[in-house]
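Text of the file target.txt, holding compact mmCIF, C-alpha atoms and all ligand atoms:
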```
# COMPACT_ATOMS: atom_id res chain seq x y z
CA MET H 1 136.03 51.65 158.80
CA PHE H 2 137.76 48.30 159.30
CA ARG H 3 140.43 46.32 157.46
CA ALA H 4 139.48 43.34 155.31
CA ILE H 5 140.77 41.15 152.51
CA LEU H 6 138.46 41.77 149.57
CA LEU H 7 138.08 39.55 146.50
CA ASN H 8 136.82 40.92 143.19
CA LYS H 9 136.40 39.25 139.82
CA ASN H 10 138.43 40.68 136.92
CA ASP H 11 136.93 40.96 133.40
CA ASP H 12 138.93 37.89 132.33
CA GLY H 13 137.36 35.82 135.16
CA SER H 14 140.47 35.80 137.36
CA THR H 15 140.34 36.81 141.03
CA ARG H 16 141.81 40.06 142.39
CA ALA H 17 142.62 39.94 146.11
CA GLU H 18 143.64 43.01 148.14
CA LEU H 19 143.85 44.25 151.69
CA THR H 20 141.50 47.22 151.93
CA GLN H 21 139.18 49.24 154.19
CA LEU H 22 135.45 48.55 154.34
CA ASP H 23 132.63 50.14 156.31
CA ASP H 24 129.68 48.52 158.07
CA ALA H 25 127.33 49.40 155.19
CA GLN H 26 129.30 47.00 152.96
CA LEU H 27 128.65 44.04 155.26
CA PRO H 28 125.89 41.66 154.09
CA ALA H 29 122.27 42.49 154.98
CA GLU H 30 121.70 38.83 155.94
CA GLY H 31 123.07 38.28 159.40
CA ASP H 32 121.75 39.21 162.83
CA VAL H 33 125.03 39.35 164.78
CA THR H 34 127.83 41.86 164.14
CA VAL H 35 131.17 40.62 165.46
CA ALA H 36 134.71 41.84 166.02
CA VAL H 37 136.90 39.10 164.55
CA GLU H 38 140.06 38.66 166.63
CA TYR H 39 141.62 35.70 164.83
CA SER H 40 140.89 33.87 161.59
CA THR H 41 142.78 31.19 159.69
CA ILE H 42 143.95 30.08 156.26
CA ASN H 43 142.49 26.73 155.32
CA TYR H 44 142.92 24.97 151.97
CA LYS H 45 139.52 26.36 150.89
CA ASP H 46 140.62 29.92 151.75
CA GLY H 47 143.63 29.32 149.52
CA LEU H 48 141.28 28.34 146.69
CA ALA H 49 139.11 31.44 147.27
CA ILE H 50 141.98 33.96 147.47
CA THR H 51 143.83 32.63 144.43
CA GLY H 52 140.66 31.89 142.44
CA LYS H 53 142.14 28.49 141.58
CA SER H 54 138.77 26.82 142.08
CA PRO H 55 135.33 28.46 141.94
CA VAL H 56 134.53 28.36 145.66
CA VAL H 57 133.41 32.03 145.74
CA ARG H 58 129.77 32.34 144.71
CA LYS H 59 129.11 36.08 145.29
CA TRP H 60 131.22 39.15 144.42
CA PRO H 61 132.77 41.10 145.96
CA MET H 62 133.63 38.64 148.75
CA VAL H 63 135.58 38.73 151.99
CA PRO H 64 137.22 35.27 152.30
CA GLY H 65 137.73 33.47 155.60
CA ILE H 66 135.65 30.39 156.42
CA ASP H 67 136.69 30.55 160.10
CA GLY H 68 136.51 33.30 162.69
CA ALA H 69 136.59 33.83 166.44
CA GLY H 70 136.17 36.92 168.57
CA LYS H 71 133.52 38.95 170.37
CA VAL H 72 129.95 39.95 169.58
CA ILE H 73 129.55 43.72 169.07
CA ALA H 74 125.77 43.87 168.48
CA SER H 75 123.04 41.27 168.10
CA SER H 76 119.34 41.02 167.34
CA ASN H 77 119.54 37.23 167.84
CA THR H 78 118.17 36.26 171.25
CA ASN H 79 120.96 33.70 171.81
CA TRP H 80 123.77 36.27 171.51
CA LYS H 81 124.57 39.58 173.20
CA ALA H 82 127.39 42.14 173.02
CA GLY H 83 130.56 40.82 174.66
CA ASP H 84 129.86 37.11 174.07
CA HIS H 85 132.81 35.07 172.76
CA PHE H 86 132.04 33.07 169.62
CA LEU H 87 133.68 30.82 167.08
CA LEU H 88 132.49 30.06 163.57
CA ASN H 89 133.33 27.44 160.95
CA GLY H 90 131.87 27.08 157.48
CA TRP H 91 128.15 27.44 156.66
CA GLY H 92 129.25 28.96 153.33
CA VAL H 93 130.92 31.94 155.07
CA GLY H 94 133.81 33.18 152.91
CA GLU H 95 132.14 31.55 149.88
CA GLY H 96 128.58 32.94 149.56
CA HIS H 97 128.51 35.20 152.64
CA MET H 98 131.27 37.69 153.55
CA GLY H 99 133.80 35.96 155.79
CA CYS H 100 136.25 36.46 158.61
CA LEU H 101 139.54 37.59 157.04
CA ALA H 102 138.47 41.03 158.27
CA GLU H 103 138.27 42.92 161.53
CA ARG H 104 134.47 42.81 161.40
CA ALA H 105 131.78 40.45 160.08
CA LYS H 106 128.00 40.18 160.10
CA LEU H 107 126.94 36.59 160.67
CA LYS H 108 123.86 34.55 161.53
CA GLY H 109 123.60 33.79 165.23
CA ASP H 110 122.47 30.25 164.37
CA TRP H 111 125.91 29.61 162.85
CA LEU H 112 127.92 30.62 165.90
CA ILE H 113 129.25 28.36 168.65
CA PRO H 114 129.93 29.68 172.17
CA MET H 115 133.67 29.63 172.81
CA PRO H 116 134.36 26.33 174.62
CA HIS H 117 135.60 26.62 178.19
CA GLY H 118 139.39 27.01 178.33
CA MET H 119 139.74 28.14 174.71
CA THR H 120 140.70 31.58 173.41
CA SER H 121 140.00 33.07 169.98
CA ARG H 122 143.58 32.27 169.06
CA THR H 123 143.55 28.62 170.15
CA ALA H 124 140.17 28.07 168.49
CA MET H 125 141.52 29.46 165.22
CA ALA H 126 144.79 27.56 165.53
CA ILE H 127 142.50 24.52 165.33
CA GLY H 128 140.07 26.05 162.81
CA THR H 129 138.03 24.16 160.25
CA ALA H 130 140.97 21.85 159.52
CA GLY H 131 141.26 20.75 163.16
CA TYR H 132 137.52 20.54 163.69
CA THR H 133 137.31 18.34 160.57
CA ALA H 134 140.11 16.16 161.95
CA MET H 135 138.00 15.69 165.09
CA LEU H 136 134.92 14.81 163.00
CA CYS H 137 137.07 12.16 161.30
CA ALA H 138 138.35 10.78 164.64
CA MET H 139 134.74 10.66 165.89
CA ALA H 140 133.71 8.78 162.71
CA LEU H 141 136.40 6.13 163.32
CA ALA H 142 135.36 5.69 166.97
CA GLU H 143 131.63 5.57 166.14
CA ASN H 144 132.34 2.86 163.58
CA GLY H 145 134.10 0.70 166.11
CA VAL H 146 137.78 1.39 165.37
CA LYS H 147 139.61 0.89 168.66
CA PRO H 148 143.34 1.36 169.45
CA GLU H 149 143.76 -2.40 170.04
CA HIS H 150 142.60 -3.14 166.46
CA GLY H 151 145.92 -2.02 164.99
CA GLU H 152 147.57 0.86 163.18
CA VAL H 153 145.65 3.82 161.81
CA LEU H 154 146.83 5.81 158.77
CA VAL H 155 146.67 9.60 158.41
CA THR H 156 147.33 10.95 154.90
CA GLY H 157 148.38 14.54 154.13
CA ALA H 158 149.80 14.25 157.62
CA SER H 159 151.86 17.46 157.73
CA GLY H 160 148.92 19.59 156.57
CA GLY H 161 146.27 21.20 158.77
CA VAL H 162 143.74 18.35 158.92
CA GLY H 163 146.54 15.78 159.01
CA SER H 164 148.58 17.36 161.82
CA VAL H 165 145.59 17.70 164.12
CA ALA H 166 144.35 14.19 163.22
CA VAL H 167 147.77 12.72 164.14
CA ALA H 168 147.71 14.55 167.49
CA ILE H 169 144.11 13.57 168.34
CA LEU H 170 144.45 9.91 167.38
CA ALA H 171 147.80 9.50 169.17
CA ALA H 172 146.38 11.10 172.32
CA ARG H 173 143.45 8.65 172.09
CA GLY H 174 145.93 5.78 172.21
CA TYR H 175 146.03 4.72 168.55
CA ARG H 176 149.26 3.73 166.84
CA VAL H 177 149.36 6.38 164.09
CA VAL H 178 151.26 6.04 160.82
CA ALA H 179 151.67 9.46 159.17
CA SER H 180 151.90 9.57 155.37
CA THR H 181 153.67 12.67 154.10
CA GLY H 182 155.42 14.11 151.06
CA LYS H 183 157.64 16.09 153.44
CA THR H 184 159.86 13.36 154.81
CA ALA H 185 161.98 16.09 156.44
CA GLU H 186 158.99 16.62 158.77
CA ALA H 187 159.28 13.12 160.27
CA ASP H 188 160.49 14.50 163.62
CA TYR H 189 157.62 17.01 163.68
CA LEU H 190 155.06 14.25 163.03
CA LYS H 191 156.62 12.03 165.70
CA SER H 192 156.52 14.94 168.15
CA LEU H 193 152.75 15.07 167.54
CA GLY H 194 152.52 11.37 168.42
CA ALA H 195 153.01 9.46 165.15
CA THR H 196 154.65 6.09 165.79
CA ASP H 197 155.81 5.79 162.19
CA VAL H 198 156.14 8.00 159.12
CA MET H 199 155.79 6.79 155.51
CA ASP H 200 156.49 8.46 152.18
CA ARG H 201 153.26 9.44 150.47
CA ALA H 202 154.73 8.20 147.16
CA ASP H 203 153.95 4.68 148.44
CA LEU H 204 150.24 5.53 148.25
CA SER H 205 149.86 8.10 145.50
CA ALA H 206 150.26 5.98 142.31
CA PRO H 207 147.61 3.65 140.83
CA GLY H 208 147.49 0.38 142.82
CA LYS H 209 145.72 -2.98 142.96
CA PRO H 210 142.05 -3.08 144.04
CA LEU H 211 142.87 -5.34 147.03
CA GLN H 212 146.21 -5.11 148.80
CA LYS H 213 147.81 -6.54 151.95
CA GLU H 214 145.59 -5.70 154.94
CA ARG H 215 147.24 -3.17 157.25
CA TRP H 216 145.04 -0.36 158.61
CA ALA H 217 142.33 -0.60 161.27
CA GLY H 218 141.27 2.90 160.27
CA VAL H 219 142.24 5.76 157.99
CA VAL H 220 141.82 9.55 158.05
CA ASP H 221 142.28 10.76 154.48
CA SER H 222 142.51 14.40 153.42
CA VAL H 223 144.05 13.62 150.03
CA GLY H 224 141.56 11.64 147.86
CA SER H 225 142.41 10.21 144.42
CA HIS H 226 144.84 7.22 144.22
CA THR H 227 145.91 7.76 147.83
CA LEU H 228 142.37 7.17 149.08
CA ALA H 229 141.92 4.22 146.69
CA ASN H 230 145.13 2.56 147.93
CA ALA H 231 144.31 3.27 151.57
CA VAL H 232 140.88 1.64 151.16
CA ALA H 233 142.51 -1.35 149.45
CA GLN H 234 144.83 -1.80 152.48
CA VAL H 235 142.19 -1.59 155.24
CA ARG H 236 141.78 -4.62 157.45
CA TYR H 237 138.55 -6.63 157.52
CA GLY H 238 135.71 -4.48 158.93
CA GLY H 239 137.85 -1.34 159.21
CA THR H 240 136.79 2.26 158.51
CA VAL H 241 138.06 5.09 156.35
CA ALA H 242 137.01 8.69 157.08
CA ALA H 243 137.41 10.69 153.84
CA CYS H 244 137.35 14.48 154.02
CA GLY H 245 139.69 15.97 151.42
CA LEU H 246 141.02 16.19 147.90
CA ALA H 247 144.57 17.57 148.10
CA GLN H 248 145.72 15.02 145.49
CA GLY H 249 142.47 15.05 143.50
CA MET H 250 138.71 14.77 143.56
CA ASP H 251 138.73 11.45 141.73
CA PHE H 252 138.39 8.10 143.46
CA PRO H 253 139.84 5.45 141.12
CA ALA H 254 138.94 2.41 143.24
CA SER H 255 136.95 -0.84 143.05
CA VAL H 256 134.16 -2.19 145.25
CA ALA H 257 136.34 -5.17 146.25
CA PRO H 258 137.33 -3.83 149.74
CA PHE H 259 133.67 -3.08 150.53
CA ILE H 260 132.15 -6.38 149.41
CA LEU H 261 135.00 -8.73 150.37
CA ARG H 262 136.31 -7.09 153.56
CA GLY H 263 133.29 -5.14 154.80
CA VAL H 264 135.34 -1.94 154.74
CA LYS H 265 133.35 1.19 155.58
CA LEU H 266 133.98 4.48 153.77
CA ILE H 267 132.57 7.42 155.73
CA GLY H 268 132.31 10.85 154.12
CA VAL H 269 133.07 13.73 156.47
CA ASP H 270 131.70 17.23 155.85
CA SER H 271 132.39 20.15 158.16
CA VAL H 272 130.63 22.95 156.28
CA MET H 273 126.98 22.02 156.83
CA ALA H 274 127.43 19.68 159.81
CA PRO H 275 124.54 20.14 162.27
CA ILE H 276 125.14 22.35 165.29
CA ASP H 277 125.00 19.54 167.91
CA ARG H 278 127.71 17.65 166.00
CA ARG H 279 129.88 20.80 165.91
CA VAL H 280 129.42 21.48 169.61
CA ALA H 281 130.38 17.86 170.40
CA ALA H 282 133.49 18.11 168.19
CA TRP H 283 134.58 21.43 169.76
CA SER H 284 134.00 20.11 173.25
CA ASN H 285 136.26 17.15 172.44
CA LEU H 286 138.88 19.49 170.96
CA ALA H 287 138.84 21.70 174.06
CA SER H 288 139.55 18.75 176.32
CA GLU H 289 141.88 16.69 174.10
CA ILE H 290 144.24 19.12 172.35
CA LYS H 291 147.01 20.21 174.67
CA PRO H 292 148.24 23.84 174.34
CA ASP H 293 151.87 22.80 173.74
CA THR H 294 150.77 20.42 170.95
CA LEU H 295 148.80 23.24 169.34
CA GLU H 296 151.80 25.58 169.46
CA LYS H 297 153.91 22.97 167.60
CA ILE H 298 151.29 22.87 164.84
CA THR H 299 150.66 26.62 164.52
CA GLN H 300 152.28 29.55 162.72
CA GLN H 301 150.83 33.01 163.25
CA ILE H 302 150.58 35.44 160.35
CA SER H 303 149.04 38.88 159.76
CA LEU H 304 146.00 39.77 157.66
CA ALA H 305 148.27 41.19 154.93
CA ASP H 306 150.37 37.98 154.96
CA ALA H 307 147.26 35.95 154.13
CA LEU H 308 147.54 36.96 150.47
CA ALA H 309 151.05 35.51 150.12
CA TRP H 310 150.26 32.33 152.07
CA ALA H 311 147.19 31.38 150.00
CA PRO H 312 149.13 29.89 147.05
CA LYS H 313 151.54 28.15 149.44
CA ILE H 314 148.77 26.14 151.12
CA LEU H 315 147.54 24.97 147.71
CA ALA H 316 151.10 23.92 146.83
CA GLY H 317 151.17 21.75 149.98
CA GLU H 318 153.99 23.90 151.39
CA VAL H 319 152.37 24.75 154.72
CA ARG H 320 153.20 22.69 157.78
CA GLY H 321 150.31 22.45 160.21
CA ARG H 322 148.01 25.40 160.71
CA LEU H 323 148.11 29.10 159.85
CA VAL H 324 146.36 31.35 162.36
CA VAL H 325 145.68 34.94 161.24
CA ASP H 326 145.87 37.84 163.69
CA VAL H 327 143.43 40.15 161.89
CA LYS H 328 144.64 43.21 163.86
CA ALA H 329 148.23 42.75 162.65
P1 LIG Q 1 146.73 21.53 153.81
O1 LIG Q 1 147.22 22.12 152.55
O2 LIG Q 1 147.14 22.13 155.11
O3 LIG Q 1 147.13 19.99 153.87
C1 LIG Q 1 147.01 19.14 152.76
C2 LIG Q 1 148.19 18.20 152.75
O4 LIG Q 1 147.97 17.20 151.75
C3 LIG Q 1 149.52 18.85 152.38
O5 LIG Q 1 150.15 19.49 153.45
C4 LIG Q 1 150.30 17.63 151.92
O6 LIG Q 1 150.73 16.94 153.07
C5 LIG Q 1 149.23 16.78 151.24
N1 LIG Q 1 149.22 16.98 149.78
C6 LIG Q 1 149.22 18.16 149.11
N2 LIG Q 1 149.22 17.95 147.79
C7 LIG Q 1 149.23 16.60 147.62
C8 LIG Q 1 149.27 15.76 146.47
N3 LIG Q 1 149.28 16.26 145.23
N4 LIG Q 1 149.27 14.43 146.66
C9 LIG Q 1 149.26 13.90 147.90
N5 LIG Q 1 149.24 14.65 149.04
C10 LIG Q 1 149.23 15.99 148.88
O7 LIG Q 1 145.14 21.52 153.71
P2 LIG Q 1 144.07 21.18 154.84
O8 LIG Q 1 144.64 20.20 155.78
O9 LIG Q 1 143.49 22.45 155.35
O10 LIG Q 1 142.95 20.46 153.97
C11 LIG Q 1 143.23 19.18 153.42
C12 LIG Q 1 142.09 18.76 152.50
O11 LIG Q 1 140.92 18.57 153.28
C13 LIG Q 1 141.75 19.76 151.42
O12 LIG Q 1 141.42 19.07 150.23
C14 LIG Q 1 140.52 20.47 151.96
O13 LIG Q 1 139.71 21.00 150.97
C15 LIG Q 1 139.86 19.32 152.71
N6 LIG Q 1 138.99 19.74 153.79
C16 LIG Q 1 137.70 19.27 153.78
C17 LIG Q 1 136.84 19.61 154.78
C18 LIG Q 1 135.48 19.01 154.79
O14 LIG Q 1 134.56 19.59 155.40
N7 LIG Q 1 135.29 17.87 154.17
C19 LIG Q 1 137.22 20.57 155.82
C20 LIG Q 1 138.63 20.93 155.80
C21 LIG Q 1 139.46 20.55 154.79
P3 LIG Q 1 152.10 16.07 153.09
O15 LIG Q 1 153.17 16.95 152.50
O16 LIG Q 1 152.30 15.77 154.54
O17 LIG Q 1 151.86 14.86 152.26
```
Structure rendered as C-alpha cells:
Amino acid sequence: MFRAILLNKNDDGSTRAELTQLDDAQLPAEGDVTVAVEYSTINYKDGLAITGKSPVVRKWPMVPGIDGAGKVIASSNTNWKAGDHFLLNGWGVGEGHMGCLAERAKLKGDWLIPMPHGMTSRTAMAIGTAGYTAMLCAMALAENGVKPEHGEVLVTGASGGVGSVAVAILAARGYRVVASTGKTAEADYLKSLGATDVMDRADLSAPGKPLQKERWAGVVDSVGSHTLANAVAQVRYGGTVAACGLAQGMDFPASVAPFILRGVKLIGVDSVMAPIDRRVAAWSNLASEIKPDTLEKITQQISLADALAWAPKILAGEVRGRLVVDVKA
C-alpha cells in the first residue's frame, strides 16, 4: 500500500479530494515504468484539479500531480532501469493518467527525463512545471532575438511560480526585469530574485488602448486577459511576448495594431506536450542557470496532506513562488 491524494466525482459533479491508501493494482495499466515519487509540486493546474474549479481531470478516480521526481522501482522500458533518477512534467499526467501526488506512480518511460546533473528530486520539483515553463518562455524570447541591450523586459504574475522563476532566469541572463505583481508587499522578494523594478499589476489589468507608449523589449506573461493585451500594446517595435498562462482570464481582448504596425511577435508557450528534446534543453538550462540559494528563496515545502489545503490558495493567487511537496511527509 502507498499514500496518495485521490480525486473522485460526487453525484452533483463536484470534486472530492482525500488523502488515502492505494495499492499497485489501482495504478493505471498504461505505463511501463513504476516509480517511487520522492517529491511532487502544486502548480496552478493541480489547484484546478484538486478543487474541481475547472474541468482539467478527464478520468475518475484520479491521482492529481502533474509533476514528479524520484527513483525507478521497476521498468519494462529499455531506456529505464530500477534505481534510475527521473523527473516528469505534464503529458496529461494528473489529468488523464494518475499523477504524482502519491508515493508511487506508473508512468510511460517516454515521458520521463533523466535527472539533470547536479539536481535532486527536491530541487527539480522546486522548479517544477512552473519553472520549466518559465525557462521555455525565456528561451522563446532569446530565440526571437530579444537581447538584454534592447531594453526592459516585463514579467507578469511575478510573485507566482512561473513569474518568480522567470524573474530569476531573466535577471541572471542580464536583462533588466520589471516585475508586475498584485502583492506590492513582495517588492523586496522580487528584487532579491533580480528584478530591477516592481510595478502594481493594477496598471496592466484594466481595459486599455490598442497601442500604448512603447516600453518592453520582451514580455513573459502568465496572466492573460487585459494584462496580456496591455503588455502587447506596450511592446517596442519588433519585440516579443511569450504567453503561457491565464491567471487573470483566458480571454485576450486586444487588437492587431501592435502586430501589423510594430511587428510585435506573440509566441504561445506550452509545457504539457512540448517535445522531449525541447524539455531536455530547458532542464539542462535550468540545471546550470538556477542557483540553489535563489531556488530556496522561491520555495516553500509542504506535506502530501497539506496539498489539499494549499490547492485553493494557489488559485486565489495567495502563494508566493513555488510549493514543493514531500510526498513521504
Ligand atoms: P501561480 O498561482 O503560482 O501564479 C499566478 C500569479 O498570477 C499569482 O501569484 C498572481 O501574481 C497573478 N494573478 C493571480 N490572479 C490574478 C488576477 N486575477 N489578475 C492578475 N494577476 C493575477 O500559478 P503558476 O505560476 O503556477 O501558473 C501561472 C499561470 O500559468 C496559470 O494560468 C497556469 O495555468 C499557467 N501555466 C501554463 C503552462 C503552460 O504549459 N502553458 C505551464 C504552467 C503554468 P501577483 O500577485 O504577483 O500578481
Of the listed residues H:Thr123, H:Ser205, H:Ser40, H:Ser75, that which approaches ligand LIG 1 (chain Q) most closely, counting only C-alpha atoms and all ligand atoms: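 Nearest candidate to ligand LIG 1 (chain Q) out of H:Thr123, H:Ser205, H:Ser40, H:Ser75: H:Ser205.
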Shell around H:Leu286 at 12 Å using only C-alpha atoms, local window under 6 positions removed, as a PyMOL selection string: chain H and resi 115-119+123-136+138-139+165-166+168-170+172-173+279-280+292+294-295
Of the listed residues H:Gly47, H:Gly174, H:Gly109, H:Gly194, that which approaches ligand LIG 1 (chain Q) most closely, counting only C-alpha atoms and all ligand atoms: H:Gly47
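Residues in contact with H:Lys265 at 9 Å, where all atoms listed in the file are counted and same-chain residues fewer than 4 positions away are skipped, are listed as H:Asn144, H:Val232, H:Gly238, H:Gly239, H:Thr240, H:Val241, H:Ala242, H:Pro258, H:Phe259.
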Please, what is the axis-aligned box for every listed atom of stretch 207-213 of chain H with 3 Å on each side, as centre and edge lengths in Å to one decimal, as lines of an AutoDock Vina configuration file?
```
center_x = 144.9
center_y = -1.4
center_z = 146.4
size_x = 11.8
size_y = 16.2
size_z = 17.1
```
Tell me, as a PDB file with C-alpha atoms, in the frame of the given file, which residues lie within 6 Å of stretch 15-30 of chain H, counting all atoms listed in the file; anything in the same chain fewer than 4 positions away does not count.
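Ended up saving to out01.pdb:
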```
ATOM      1  CA  MET H   1     136.030  51.650 158.800  1.00  0.00           C
ATOM      2  CA  PHE H   2     137.760  48.300 159.300  1.00  0.00           C
ATOM      3  CA  ARG H   3     140.430  46.320 157.460  1.00  0.00           C
ATOM      4  CA  ALA H   4     139.480  43.340 155.310  1.00  0.00           C
ATOM      5  CA  ILE H   5     140.770  41.150 152.510  1.00  0.00           C
ATOM      6  CA  LEU H   6     138.460  41.770 149.570  1.00  0.00           C
ATOM      7  CA  LEU H   7     138.080  39.550 146.500  1.00  0.00           C
ATOM      8  CA  ASN H   8     136.820  40.920 143.190  1.00  0.00           C
ATOM      9  CA  LYS H   9     136.400  39.250 139.820  1.00  0.00           C
ATOM     10  CA  ASN H  10     138.430  40.680 136.920  1.00  0.00           C
ATOM     11  CA  GLY H  52     140.660  31.890 142.440  1.00  0.00           C
TER      12      GLY H  52
END
```
Å distance separating atom CA of H:Ala307 from atom CA of H:Ala74, one decimal place: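 Answer for the atom CA of H:Ala307 to atom CA of H:Ala74 separation: 27.0 Å.
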For H:Glu214, the nearest of the candidates H:Cys137, H:Val177, H:Leu261, H:Ala195, counting all atoms listed in the file: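 For H:Glu214, the nearest of the candidates is H:Leu261.
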For ligand LIG 1 (chain Q), the nearest of the candidates H:Val235, H:Ile260, H:Leu204, H:Ala140, counting all atoms listed in the file: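 For ligand LIG 1 (chain Q), the nearest of the given residues is H:Leu204.
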Between atom CA of H:Lys291 and atom CA of H:Gly94, distance in Å (one decimal):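 Computing the Euclidean distance for atom CA of H:Lys291 and atom CA of H:Gly94 yields 28.6 Å.
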Atom CA of H:His97 to atom CA of H:Arg58, straight-line distance in Å: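 A separation of 8.5 Å between them.
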Expected residue set, 12 Å radius at (144.6, 24.0, 153.5), only C-alpha atoms, as a ChimeraX atom specification: /H:41-50,65-66,128-131,133,157-164,222-223,244-247,310-324
Which residue of H:Met250, H:Ala102, H:Val93, H:Val272 approaches H:Glu38 most closely, using only C-alpha atoms: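 Distance minimum relative to H:Glu38 lands on H:Ala102.
Counting only C-alpha atoms and all ligand atoms and comparing H:Tyr189, H:Tyr39, H:Tyr237, H:Trp216, the residue that lies closest to ligand LIG 1 (chain Q) is H:Tyr189.
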Within 12 Å of H:Pro253 using only C-alpha atoms, minus same-chain residues under 5 positions, as a ChimeraX atom specification: /H:205-210,224-233
Polymer residues at most 12 Å from (161.6, 17.0, 153.7) by all atoms listed in the file, as a list in words: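 Checked against the point, the hits come out as Ser159, Thr181, Gly182, Lys183, Thr184, Ala185, Glu186, Ala187, Asp188, Tyr189, Leu190, Val198, Met199, Asp200, Arg201, Glu318 and Arg320 of chain H.
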